[in-house]
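The next block is entry_33.cif, given as mmCIF, C-alpha atoms and all ligand atoms.
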```
data_structure
#
loop_
_atom_site.label_atom_id
_atom_site.label_comp_id
_atom_site.auth_asym_id
_atom_site.auth_seq_id
_atom_site.Cartn_x
_atom_site.Cartn_y
_atom_site.Cartn_z
CA MET A 33 134.37 -53.60 181.67
CA THR A 34 130.62 -53.09 181.40
CA THR A 35 128.68 -56.30 182.01
CA ARG A 36 125.76 -57.39 179.89
CA LEU A 37 123.36 -56.75 182.76
CA GLU A 38 124.71 -53.21 183.04
CA LYS A 39 124.20 -52.72 179.32
CA LEU A 40 120.63 -53.98 179.58
CA GLU A 41 119.79 -51.64 182.44
CA PRO A 42 119.06 -48.52 180.33
CA ILE A 43 116.77 -50.62 178.14
CA VAL A 44 114.72 -52.44 180.78
CA GLY A 45 115.24 -50.21 183.83
CA PRO A 46 117.19 -50.70 187.08
CA ILE A 47 114.30 -52.36 188.93
CA VAL A 48 114.29 -55.31 186.54
CA ILE A 49 118.05 -55.85 186.85
CA ASP A 50 117.96 -55.48 190.61
CA GLN A 51 115.21 -58.09 190.84
CA LEU A 52 117.25 -60.58 188.80
CA ARG A 53 120.23 -60.13 191.11
CA ARG A 54 118.09 -60.65 194.22
CA MET A 55 116.43 -63.77 192.83
CA ALA A 56 119.78 -65.25 191.82
CA GLU A 57 121.10 -64.51 195.31
CA GLN A 58 118.14 -66.30 196.86
CA LEU A 59 118.75 -69.32 194.62
CA GLY A 60 122.45 -69.48 195.51
CA SER A 61 125.09 -71.12 193.37
CA GLN A 62 123.47 -73.69 191.08
CA ARG A 63 124.45 -75.71 188.04
CA LEU A 64 122.10 -75.53 185.08
CA VAL A 65 122.24 -77.39 181.76
CA HIS A 66 120.16 -76.53 178.69
CA VAL A 67 119.88 -79.26 176.06
CA ASN A 68 118.54 -78.92 172.50
CA SER A 69 119.25 -80.31 169.05
CA THR A 70 121.03 -77.54 167.14
CA ARG A 71 123.40 -74.72 167.98
CA SER A 72 122.16 -72.50 165.16
CA GLY A 73 119.06 -72.11 163.03
CA GLY A 74 115.58 -71.67 164.45
CA GLY A 75 114.11 -70.02 167.50
CA VAL A 76 115.37 -72.37 170.24
CA ALA A 77 119.03 -71.86 169.29
CA GLU A 78 118.38 -68.13 169.10
CA LEU A 79 116.82 -68.13 172.54
CA LEU A 80 119.59 -70.14 174.17
CA SER A 81 122.30 -67.94 172.63
CA SER A 82 120.67 -64.91 174.19
CA ILE A 83 120.13 -66.43 177.65
CA MET A 84 123.53 -68.09 178.15
CA PRO A 85 125.66 -64.95 178.69
CA LEU A 86 123.41 -63.77 181.53
CA TRP A 87 123.68 -66.89 183.67
CA SER A 88 127.33 -66.51 184.61
CA GLU A 89 126.78 -62.84 185.51
CA LEU A 90 124.08 -64.02 187.89
CA GLY A 91 126.33 -66.62 189.49
CA ILE A 92 124.66 -69.62 187.84
CA ASP A 93 127.04 -72.20 186.40
CA ALA A 94 125.24 -72.86 183.10
CA ARG A 95 126.07 -75.05 180.11
CA TRP A 96 124.42 -75.57 176.75
CA GLU A 97 124.62 -79.10 175.35
CA VAL A 98 123.49 -80.13 171.86
CA ILE A 99 122.51 -83.71 171.07
CA GLU A 100 123.89 -85.40 167.97
CA GLY A 101 121.84 -87.42 165.51
CA ASP A 102 121.92 -88.76 161.99
CA GLN A 103 119.69 -87.83 159.06
CA ASN A 104 117.14 -90.54 159.97
CA PHE A 105 116.88 -89.26 163.53
CA PHE A 106 116.11 -85.72 162.39
CA GLU A 107 113.59 -87.07 159.86
CA VAL A 108 111.81 -88.78 162.78
CA THR A 109 111.95 -85.74 165.06
CA LYS A 110 110.69 -83.43 162.30
CA ALA A 111 107.81 -85.87 161.71
CA MET A 112 107.14 -85.83 165.48
CA HIS A 113 107.24 -82.04 165.46
CA ASN A 114 104.70 -81.96 162.62
CA ALA A 115 102.49 -84.54 164.36
CA LEU A 116 102.55 -82.62 167.65
CA GLN A 117 101.48 -79.52 165.73
CA GLY A 118 98.46 -81.48 164.52
CA PHE A 119 99.54 -82.71 161.07
CA LYS A 120 98.89 -86.26 159.88
CA VAL A 121 102.18 -88.11 159.56
CA THR A 122 103.23 -91.74 159.51
CA ILE A 123 105.67 -92.71 162.21
CA THR A 124 106.46 -96.40 162.37
CA ASN A 125 107.65 -98.34 165.41
CA GLY A 126 111.01 -98.74 163.68
CA MET A 127 111.34 -94.95 163.49
CA LEU A 128 110.54 -94.62 167.19
CA GLN A 129 113.11 -97.31 168.03
CA HIS A 130 115.76 -95.35 166.12
CA TYR A 131 114.78 -92.18 167.98
CA LEU A 132 115.18 -94.03 171.31
CA GLU A 133 118.53 -95.48 170.25
CA ILE A 134 119.91 -92.01 169.38
CA ASN A 135 118.72 -90.67 172.73
CA ARG A 136 120.50 -93.58 174.45
CA ARG A 137 123.73 -92.87 172.54
CA ASN A 138 123.57 -89.22 173.54
CA ALA A 139 123.00 -90.19 177.15
CA ASP A 140 126.24 -92.20 176.99
CA ARG A 141 128.09 -89.32 175.34
CA LEU A 142 126.89 -86.36 177.39
CA GLU A 143 128.81 -85.71 180.56
CA PHE A 144 127.11 -83.57 183.14
CA ASP A 145 126.06 -83.57 186.73
CA SER A 146 123.76 -80.72 187.42
CA ASP A 147 121.18 -79.25 189.73
CA PHE A 148 118.73 -78.36 186.96
CA VAL A 149 118.39 -79.63 183.40
CA VAL A 150 116.13 -77.93 180.89
CA ILE A 151 115.42 -80.21 177.93
CA ASN A 152 114.12 -78.33 174.92
CA ASP A 153 111.49 -79.92 172.68
CA PRO A 154 110.97 -83.58 171.73
CA GLN A 155 114.38 -84.38 170.21
CA PRO A 156 116.26 -84.95 173.52
CA ALA A 157 113.16 -85.71 175.65
CA TYR A 158 114.10 -89.36 176.30
CA LEU A 159 117.53 -88.50 177.75
CA ILE A 160 115.83 -88.59 181.14
CA GLN A 161 115.38 -92.36 180.80
CA ASP A 162 119.12 -93.01 181.17
CA MET A 163 120.28 -89.82 182.89
CA ARG A 164 117.72 -89.23 185.65
CA SER A 165 120.27 -89.43 188.46
CA ARG A 166 122.59 -86.90 186.78
CA ALA A 167 120.47 -83.90 187.81
CA ARG A 168 118.31 -82.99 190.77
CA ARG A 169 115.47 -81.45 188.73
CA TRP A 170 114.41 -82.17 185.18
CA ILE A 171 112.33 -79.62 183.30
CA TRP A 172 110.86 -80.17 179.84
CA ARG A 173 110.53 -76.97 177.80
CA CYS A 174 108.11 -77.34 174.87
CA HIS A 175 108.46 -74.62 172.20
CA ILE A 176 105.93 -75.95 169.74
CA ASP A 177 102.19 -75.56 169.38
CA ALA A 178 101.11 -78.78 171.07
CA SER A 179 97.48 -77.75 171.54
CA ARG A 180 96.11 -80.46 169.23
CA PRO A 181 98.79 -83.15 169.05
CA ASP A 182 98.51 -86.40 167.18
CA ARG A 183 97.44 -88.76 169.99
CA LYS A 184 99.78 -91.64 169.14
CA VAL A 185 102.88 -89.45 168.99
CA TRP A 186 101.95 -87.56 172.14
CA ARG A 187 101.32 -90.85 174.01
CA PHE A 188 104.82 -91.96 173.08
CA LEU A 189 106.43 -88.68 174.12
CA ARG A 190 104.34 -88.39 177.27
CA GLU A 191 105.99 -91.57 178.62
CA ALA A 192 109.20 -89.53 178.88
CA VAL A 193 107.69 -86.16 179.76
CA ARG A 194 105.72 -87.49 182.72
CA GLN A 195 109.03 -88.43 184.39
CA TYR A 196 110.07 -84.75 184.53
CA ASP A 197 109.62 -82.53 187.59
CA ALA A 198 107.94 -79.75 185.62
CA SER A 199 107.24 -78.63 182.10
CA ILE A 200 107.09 -75.25 180.41
CA PHE A 201 104.83 -74.19 177.56
CA SER A 202 104.60 -70.91 175.63
CA MET A 203 100.80 -70.60 175.83
CA PRO A 204 98.12 -71.88 178.23
CA SER A 205 96.37 -73.70 175.37
CA PHE A 206 99.50 -75.82 174.77
CA ALA A 207 99.42 -77.33 178.28
CA GLN A 208 98.81 -81.08 178.58
CA ASN A 209 97.50 -83.61 181.02
CA LEU A 210 100.69 -84.28 183.00
CA PRO A 211 101.38 -85.39 186.58
CA HIS A 212 103.61 -82.42 187.44
CA PRO A 213 103.42 -78.60 187.57
CA GLN A 214 103.23 -76.89 184.20
CA TYR A 215 104.50 -73.33 183.79
CA LEU A 216 103.87 -70.65 181.22
CA VAL A 217 107.03 -68.89 180.04
CA TYR A 218 107.07 -66.69 176.95
CA PRO A 219 110.19 -66.78 174.79
CA SER A 220 112.21 -63.60 174.37
CA ILE A 221 114.85 -61.73 172.38
CA ASP A 222 118.09 -60.06 173.36
CA PRO A 223 118.09 -56.36 172.39
CA LEU A 224 121.93 -56.33 172.48
CA SER A 225 122.51 -59.25 170.10
CA GLU A 226 123.75 -58.93 166.51
CA LYS A 227 120.19 -59.78 165.46
CA ASN A 228 118.59 -56.93 167.35
CA ARG A 229 121.07 -54.18 168.22
CA GLU A 230 120.61 -50.72 166.70
CA LEU A 231 122.18 -50.25 163.26
CA SER A 232 123.01 -47.03 161.44
CA GLN A 233 121.46 -46.24 158.05
CA GLU A 234 124.93 -46.68 156.50
CA GLU A 235 125.23 -50.19 157.95
CA ILE A 236 121.75 -51.11 156.70
CA SER A 237 122.44 -49.74 153.19
CA ALA A 238 125.76 -51.57 152.98
CA VAL A 239 124.08 -54.90 153.76
CA MET A 240 121.31 -54.27 151.22
CA GLU A 241 123.91 -53.51 148.59
CA ARG A 242 125.93 -56.60 149.44
CA LEU A 243 122.81 -58.79 149.20
CA GLY A 244 121.74 -57.15 145.95
CA VAL A 245 118.47 -55.75 147.33
CA GLU A 246 117.45 -52.52 145.65
CA ARG A 247 115.34 -50.17 147.75
CA ASP A 248 113.40 -48.72 144.83
CA LYS A 249 109.96 -49.88 146.07
CA PRO A 250 108.45 -50.59 149.50
CA ILE A 251 109.83 -53.87 150.85
CA ILE A 252 107.62 -56.61 152.31
CA LEU A 253 109.72 -59.15 154.21
CA GLN A 254 109.26 -62.59 155.75
CA VAL A 255 112.23 -64.20 157.53
CA SER A 256 111.72 -67.90 158.29
CA ARG A 257 113.10 -71.36 157.98
CA PHE A 258 111.68 -72.86 154.78
CA ASP A 259 108.90 -74.79 156.49
CA SER A 260 105.33 -75.36 155.33
CA PHE A 261 103.96 -74.16 158.71
CA LYS A 262 105.45 -70.73 157.89
CA ASP A 263 103.38 -70.68 154.66
CA PRO A 264 105.91 -68.94 152.37
CA VAL A 265 103.82 -69.85 149.31
CA GLY A 266 100.81 -68.15 150.94
CA VAL A 267 102.95 -65.04 151.37
CA ILE A 268 103.76 -65.08 147.64
CA GLN A 269 100.05 -65.37 146.83
CA ALA A 270 99.23 -62.42 149.10
CA PHE A 271 102.07 -60.39 147.61
CA LYS A 272 100.89 -60.98 144.04
CA MET A 273 97.39 -59.77 144.95
CA VAL A 274 98.84 -56.55 146.38
CA ARG A 275 101.33 -55.91 143.62
CA ALA A 276 98.54 -56.06 141.01
CA HIS A 277 97.46 -52.66 142.39
CA THR A 278 100.35 -51.17 144.34
CA PRO A 279 104.08 -51.23 143.54
CA CYS A 280 106.12 -53.15 146.11
CA LYS A 281 108.62 -56.00 146.34
CA LEU A 282 108.79 -59.18 148.37
CA LEU A 283 111.81 -60.60 150.14
CA LEU A 284 111.63 -64.15 151.47
CA VAL A 285 114.66 -64.81 153.61
CA GLY A 286 115.44 -68.18 155.11
CA GLY A 287 118.23 -70.30 156.38
CA GLU A 288 118.77 -73.94 157.13
CA ALA A 289 118.68 -75.57 160.54
CA ASN A 290 120.65 -78.78 161.16
CA ASP A 291 117.65 -80.38 162.81
CA ASP A 292 115.19 -79.55 160.00
CA PRO A 293 115.63 -81.86 157.00
CA GLU A 294 112.50 -80.53 155.20
CA GLY A 295 114.11 -77.17 154.34
CA PRO A 296 115.49 -77.98 150.85
CA ARG A 297 112.13 -79.36 149.63
CA ILE A 298 110.17 -76.29 150.79
CA PHE A 299 112.89 -73.99 149.45
CA ALA A 300 112.46 -75.58 146.00
CA GLU A 301 108.67 -75.08 146.21
CA VAL A 302 109.17 -71.42 147.09
CA GLN A 303 111.60 -70.90 144.22
CA GLU A 304 109.10 -72.45 141.85
CA ALA A 305 106.29 -70.17 143.10
CA ALA A 306 108.54 -67.11 142.74
CA ARG A 307 110.06 -68.06 139.37
CA GLY A 308 110.11 -65.31 136.76
CA ASP A 309 108.82 -62.58 139.07
CA PRO A 310 111.35 -59.72 139.20
CA ASP A 311 109.74 -58.25 142.34
CA ILE A 312 110.26 -61.39 144.43
CA LYS A 313 113.66 -62.21 145.85
CA VAL A 314 114.31 -65.45 147.72
CA LEU A 315 117.48 -65.37 149.80
CA LEU A 316 119.04 -68.40 151.43
CA LEU A 317 121.32 -67.16 154.18
CA HIS A 318 123.75 -68.94 156.45
CA PRO A 319 122.04 -69.64 159.82
CA GLU A 320 124.58 -67.36 161.53
CA SER A 321 123.66 -64.32 159.39
CA HIS A 322 122.25 -62.43 162.37
CA TYR A 323 123.63 -59.06 161.34
CA GLU A 324 122.20 -59.43 157.82
CA VAL A 325 118.76 -60.42 159.17
CA ASN A 326 118.87 -57.41 161.50
CA ALA A 327 119.59 -55.09 158.56
CA LEU A 328 116.91 -56.69 156.38
CA GLN A 329 114.30 -56.32 159.12
CA ARG A 330 115.28 -52.68 159.59
CA ALA A 331 115.20 -51.99 155.83
CA ALA A 332 111.74 -53.52 155.39
CA ASP A 333 108.60 -51.39 155.31
CA ILE A 334 106.25 -54.18 156.40
CA ILE A 335 107.13 -57.50 158.00
CA VAL A 336 104.99 -60.58 157.53
CA GLN A 337 104.98 -63.86 159.46
CA LYS A 338 102.09 -65.70 157.88
CA SER A 339 102.46 -68.93 159.88
CA VAL A 340 99.60 -71.39 160.03
CA ARG A 341 101.06 -73.05 163.16
CA GLU A 342 103.59 -71.38 165.41
CA GLY A 343 105.04 -72.08 168.85
CA PHE A 344 105.81 -68.43 169.45
CA GLY A 345 107.42 -66.74 166.45
CA LEU A 346 110.59 -64.92 167.47
CA THR A 347 110.73 -63.29 164.04
CA VAL A 348 107.58 -61.40 165.05
CA THR A 349 109.19 -60.22 168.28
CA GLU A 350 112.33 -59.15 166.42
CA ALA A 351 110.33 -57.15 163.88
CA MET A 352 108.21 -55.50 166.58
CA TRP A 353 111.32 -54.53 168.52
CA LYS A 354 112.54 -52.74 165.38
CA GLY A 355 109.36 -50.66 165.37
CA LYS A 356 107.98 -52.26 162.21
CA PRO A 357 104.32 -52.89 161.42
CA VAL A 358 103.89 -56.68 161.50
CA ILE A 359 101.23 -58.84 159.86
CA GLY A 360 101.10 -62.30 161.37
CA GLY A 361 99.09 -65.47 160.88
CA ALA A 362 96.62 -65.86 163.77
CA ALA A 363 98.45 -68.93 165.07
CA GLY A 364 100.04 -69.96 168.37
CA GLY A 365 102.20 -67.40 170.09
CA ILE A 366 101.83 -64.82 167.32
CA VAL A 367 98.41 -64.08 168.81
CA LEU A 368 100.05 -63.18 172.12
CA GLN A 369 102.28 -60.65 170.43
CA LEU A 370 100.13 -58.99 167.81
CA ARG A 371 97.10 -57.37 169.37
CA ASP A 372 95.00 -56.95 166.26
CA PHE A 373 94.82 -53.30 165.08
CA ASN A 374 97.06 -52.29 167.99
CA THR A 375 100.53 -53.85 168.04
CA GLY A 376 100.05 -55.45 164.59
CA PHE A 377 97.59 -57.23 162.34
CA LEU A 378 96.42 -60.84 162.56
CA VAL A 379 95.34 -62.62 159.40
CA HIS A 380 93.77 -65.96 158.49
CA SER A 381 94.33 -66.26 154.72
CA PRO A 382 96.43 -64.95 151.82
CA GLU A 383 93.52 -62.63 150.97
CA GLY A 384 93.45 -61.21 154.51
CA CYS A 385 97.20 -60.78 154.40
CA ALA A 386 96.98 -58.95 151.06
CA LEU A 387 94.30 -56.63 152.45
CA ARG A 388 96.46 -55.64 155.42
CA ILE A 389 99.60 -55.16 153.32
CA ARG A 390 97.70 -52.84 150.99
CA TYR A 391 96.21 -50.95 153.91
CA LEU A 392 99.64 -50.37 155.47
CA LEU A 393 101.18 -49.35 152.15
CA HIS A 394 98.48 -46.71 151.76
CA HIS A 395 98.53 -45.61 155.44
CA PRO A 396 102.19 -45.53 156.47
CA GLU A 397 101.34 -43.34 159.48
CA VAL A 398 99.26 -46.23 160.92
CA GLY A 399 102.27 -48.52 160.46
CA THR A 400 104.51 -46.07 162.29
CA ARG A 401 102.07 -45.86 165.21
CA MET A 402 101.70 -49.66 165.37
CA GLY A 403 105.47 -50.06 165.30
CA ARG A 404 105.87 -47.71 168.26
CA LEU A 405 103.28 -49.62 170.31
CA ALA A 406 104.82 -52.92 169.22
CA LYS A 407 108.27 -51.93 170.44
CA GLU A 408 106.98 -50.95 173.89
CA PHE A 409 104.97 -54.17 174.09
CA VAL A 410 108.14 -56.16 173.47
CA ARG A 411 110.07 -54.09 176.00
CA ASN A 412 107.48 -54.93 178.66
CA HIS A 413 106.94 -58.61 177.90
CA PHE A 414 109.40 -60.28 175.57
CA LEU A 415 112.98 -59.27 176.42
CA VAL A 416 115.55 -61.74 177.69
CA THR A 417 115.55 -60.29 181.22
CA ARG A 418 111.93 -61.39 181.68
CA ASN A 419 112.75 -64.86 180.45
CA VAL A 420 115.68 -65.20 182.86
CA ARG A 421 113.47 -63.94 185.69
CA ASP A 422 110.90 -66.65 184.87
CA TYR A 423 113.56 -69.36 184.85
CA LEU A 424 114.95 -68.15 188.18
CA ALA A 425 111.44 -68.17 189.66
CA LEU A 426 110.86 -71.65 188.32
CA MET A 427 114.09 -72.98 189.82
CA ILE A 428 113.19 -71.44 193.18
CA LEU A 429 109.70 -72.96 192.99
CA CYS A 430 111.02 -76.40 191.98
CA ASP A 431 113.20 -76.42 195.08
CA ASN A 432 110.45 -75.11 197.36
CA PRO A 433 107.34 -76.89 196.12
CA GLY A 434 105.34 -76.21 199.28
CA HIS A 435 105.79 -72.44 199.17
CA ARG A 436 102.85 -70.49 197.83
CA THR A 437 104.58 -67.09 197.88
CA MET A 438 108.04 -65.88 197.08
CA ALA A 439 109.63 -62.81 198.66
CA ILE A 440 111.96 -61.22 196.15
N1 LIG B 501 116.33 -66.92 161.44
C1 LIG B 501 117.55 -66.49 160.93
N2 LIG B 501 117.80 -66.66 159.62
C2 LIG B 501 116.90 -67.23 158.80
C3 LIG B 501 115.65 -67.68 159.32
C4 LIG B 501 115.41 -67.50 160.66
O1 LIG B 501 118.40 -65.96 161.65
O2 LIG B 501 117.19 -67.35 157.61
C5 LIG B 501 116.10 -66.72 162.87
C6 LIG B 501 115.02 -65.68 163.14
O3 LIG B 501 115.58 -64.38 163.08
C7 LIG B 501 114.55 -66.11 164.52
C8 LIG B 501 114.68 -67.61 164.48
O4 LIG B 501 115.61 -67.92 163.46
O5 LIG B 501 115.40 -65.59 165.51
C9 LIG B 501 113.36 -68.28 164.16
O6 LIG B 501 112.58 -68.35 165.30
P1 LIG B 501 111.01 -68.49 165.24
O7 LIG B 501 110.54 -68.62 166.64
O8 LIG B 501 110.43 -67.37 164.44
O9 LIG B 501 110.74 -69.82 164.39
P2 LIG B 501 111.27 -71.34 164.48
O10 LIG B 501 112.31 -71.45 163.42
O11 LIG B 501 111.81 -71.58 165.85
O12 LIG B 501 110.07 -72.15 164.17
#
```
Could you spell out this file's structure in C-alpha cells?
Ligand code: UDP
Amino acid sequence: MTTRLEKLEPIVGPIVIDQLRRMAEQLGSQRLVHVNSTRSGGGVAELLSSIMPLWSELGIDARWEVIEGDQNFFEVTKAMHNALQGFKVTITNGMLQHYLEINRRNADRLEFDSDFVVINDPQPAYLIQDMRSRARRWIWRCHIDASRPDRKVWRFLREAVRQYDASIFSMPSFAQNLPHPQYLVYPSIDPLSEKNRELSQEEISAVMERLGVERDKPIILQVSRFDSFKDPVGVIQAFKMVRAHTPCKLLLVGGEANDDPEGPRIFAEVQEAARGDPDIKVLLLHPESHYEVNALQRAADIIVQKSVREGFGLTVTEAMWKGKPVIGGAAGGIVLQLRDFNTGFLVHSPEGCALRIRYLLHHPEVGTRMGRLAKEFVRNHFLVTRNVRDYLALMILCDNPGHRTMAI
C-alpha cells in the first residue's frame, strides 16, 4: 500500500520527504498530543485533520483530543477570541470563573501521559494548571491575530501561557512578551485531502448541480464561517458595486463550528443583506462538506476572503492551491500569502475589493497568471509537509535548548 508520505513525494519532491524522515529519526519515538476545542469547522480542525495521518508514518505516537464545554463556555471563549483580536467586549469575572471550571473538568476527564502537548488557542489554555505533570513539554499554539489584544483578557490568559515551555504564532507581529521561546510556524493545507485533491470537470459540475448553482455568469466566491471578522456583508457591498457594471454572481458559503456560537446571528445578517438579489446565493453547508467546498472553489472564477482580522486564512491557501486569483483583506496572515499584484490582490475596503473584482473579470489572463504563481507559492511555503517539519524541529529544539544548530 502506498503511504501518505509516498503520495506527497511527487508534489513536494523527494528531498522534503527525506528530510522529514531524518528529523523524525533524530527525535526518536515520542508521544504527542494535540488539543483543541472542535473536531470540525474552522481552520484549526482542518489543520489537525491534515497533520494527524503523517505522525504515525513518521513513528510519532500522536493523539488529537478535543475539550468539551457548554454553550456558556463557548460564549466566553468566543468573546475572548474577539477581545484578543482587538475588539471591545465585556467579560465578567463570573465568565472567567466558568471558563476555569470547564478547563478543570476537562483536565479531570482527559487521560494522557505524553512527551509533548500542543494546546491550540485560548479555549484549552488553562489545562496546564491541573495537568502540568502529564507531559514533559507544553507548547501553546496561537492561531489568532493577537497583535493588539485587549489588555485585561490577555493578562488573564498570559497567567496560563507563561507556564508553557514555548509558544507558536503565525506571524512575527502576533508574538507577545512571554518568558519562554516563541516560534513562528505558518499553517498549511494537505494537497491530498478531500478539500484540496484534484477533481475532474464532471465531478465539479455534478456538485454544482446538486447545490443548485448555475454557471451562467462568472462566479465570485467567499467560503467562511459566518463571523463578522470575515466581513461577509462587506463582500456583498463590493459585489453589488461590481454587478452594477459587469454581470457576475456571488456565492457566500459557510458552515457552523461547534465552538463558534455567533454563527447563526451573522448568518441571519448575511441573509438579510442578500435578500431579494437573484445573483447572490448564501449556502450553509455541513462542516464536513470538504468535497463540496473543493468543487465550489474549483468552479469559482475569483475567490474573495475579505477578512478584517485573520489569524492566517486557510481558505486563501486552499484557493491559491487551486490556481485561482484571490482577493483578500489586508489582515493578519492573508498578507503573508497574497503578495499584492503577484500571488493575489490585497484590499482594505469594499470599494477596493470591487475594483479588483472588476479588474479580474475584465482581465482573465492576469487572473490565470496570478493563480499559477499562487499555486507555486503554496507549494513552497504552505503545504502540510512544511508544517510537520517545523513541529519536528520545534520538538528537537525543546529537548535540546542549548543547541544553536541542528544537523539534519
Ligand atoms: N470551511 C469549510 N466549510 C465552510 C467554511 C469553512 O470547510 O462552510 C473550512 C475552510 O475550507 C477552511 C477552514 O474551514 O479550511 C477555515 O479556516 P480559516 O483559517 O480560513 O478560518 P477560521 O475559520 O479558522 O477563522
ask   = Residues at most 10 Å from Leu284 of chain A, counting only C-alpha atoms, excluding those fewer than 4 positions away in the same chain, as a PyMOL selection string?
value = chain A and resi 252-258+264-265+267-268+302-303+306+312-316+336
ask   = With all atoms listed in the file as the basis for distance, which of A:Ile92, A:Leu116, A:Ile99, A:Met84 is at the shortest distance from Met55 of chain A?
value =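 The answer is A:Ile92, which sits nearest to Met55 of chain A.
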remark   = The residue from A:Lys110, A:Arg297, A:Arg183, A:Arg168 with the smallest atom-to-atom distance to ligand LIG 501 (chain B), counting all atoms listed in the file, is A:Lys110
What are the nearest atom pairs, with distances in Å to one decimal, for all residues of chain A that come at most 10 Å from ligand LIG 501 (chain B), using all atoms listed in the file, set out by chain and rising residue number as CSV?
```
residue,atom,partner,partner_atom,distance
A:Ser72,CA,B:LIG501,O4,8.2
A:Gly73,CA,B:LIG501,O4,5.4
A:Gly74,CA,B:LIG501,O10,3.4
A:Gly75,CA,B:LIG501,O6,3.2
A:Val76,CA,B:LIG501,O11,5.7
A:Ala77,CA,B:LIG501,C8,7.8
A:Glu78,CA,B:LIG501,O5,5.3
A:Leu79,CA,B:LIG501,O5,7.6
A:His175,CA,B:LIG501,O11,7.8
A:Ile176,CA,B:LIG501,O12,7.9
A:Pro219,CA,B:LIG501,O7,8.4
A:Ser220,CA,B:LIG501,O7,9.4
A:Ile221,CA,B:LIG501,O5,7.9
A:Asp222,CA,B:LIG501,O5,10.0
A:Lys227,CA,B:LIG501,O3,6.9
A:Asn228,CA,B:LIG501,O3,9.1
A:Gln254,CA,B:LIG501,C3,8.9
A:Val255,CA,B:LIG501,C3,5.2
A:Ser256,CA,B:LIG501,C3,4.1
A:Arg257,CA,B:LIG501,C3,4.7
A:Phe258,CA,B:LIG501,C3,8.0
A:Asp259,CA,B:LIG501,O12,8.2
A:Phe261,CA,B:LIG501,O12,8.4
A:Lys262,CA,B:LIG501,O12,7.9
A:Leu284,CA,B:LIG501,O2,8.9
A:Val285,CA,B:LIG501,O2,5.4
A:Gly286,CA,B:LIG501,O2,3.2
A:Gly287,CA,B:LIG501,O2,3.4
A:Glu288,CA,B:LIG501,O2,6.8
A:Ala289,CA,B:LIG501,O10,8.1
A:Asp292,CA,B:LIG501,O10,9.3
A:Leu315,CA,B:LIG501,O2,8.1
A:Leu316,CA,B:LIG501,O2,6.5
A:Leu317,CA,B:LIG501,O2,5.4
A:His318,CA,B:LIG501,O2,6.8
A:Pro319,CA,B:LIG501,N2,5.2
A:Glu320,CA,B:LIG501,O1,6.3
A:Ser321,CA,B:LIG501,O1,6.0
A:His322,CA,B:LIG501,O1,5.3
A:Tyr323,CA,B:LIG501,O1,8.7
A:Glu324,CA,B:LIG501,O1,8.5
A:Val325,CA,B:LIG501,O1,6.1
A:Asn326,CA,B:LIG501,O3,7.9
A:Gln329,CA,B:LIG501,O3,9.1
A:Gln337,CA,B:LIG501,O8,8.2
A:Ser339,CA,B:LIG501,O12,9.3
A:Arg341,CA,B:LIG501,O12,9.1
A:Glu342,CA,B:LIG501,O12,6.6
A:Gly343,CA,B:LIG501,O7,6.9
A:Phe344,CA,B:LIG501,O7,5.5
A:Gly345,CA,B:LIG501,O7,3.6
A:Leu346,CA,B:LIG501,O7,3.8
A:Thr347,CA,B:LIG501,O8,4.1
A:Val348,CA,B:LIG501,O8,6.6
A:Thr349,CA,B:LIG501,O8,8.2
A:Glu350,CA,B:LIG501,O3,7.0
A:Ala351,CA,B:LIG501,O3,9.0
A:Gly365,CA,B:LIG501,O7,9.1
A:Ile366,CA,B:LIG501,O8,9.4
```
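Restricting the calculation to all atoms listed in the file, the smallest distance between Val48 of chain A and any of A:His277, A:Arg137, A:Arg164, A:His413 is found for A:His413.
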ask   = In Å, with one decimal, what is the gap from atom CA of Asp333 of chain A to atom CA of His394 of chain A?
value =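 Separation of atom CA of Asp333 of chain A and atom CA of His394 of chain A: 11.7 Å.
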message = Using all atoms listed in the file, can you tell me which of A:Leu159, A:Ala363, A:Leu405, A:Cys280 comes closest to Glu133 of chain A?
response =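 Among the listed residues, A:Leu159 lies closest to Glu133 of chain A.
One finds atom CA of Pro154 of chain A at 11.7 Å from atom CA of Glu191 of chain A.
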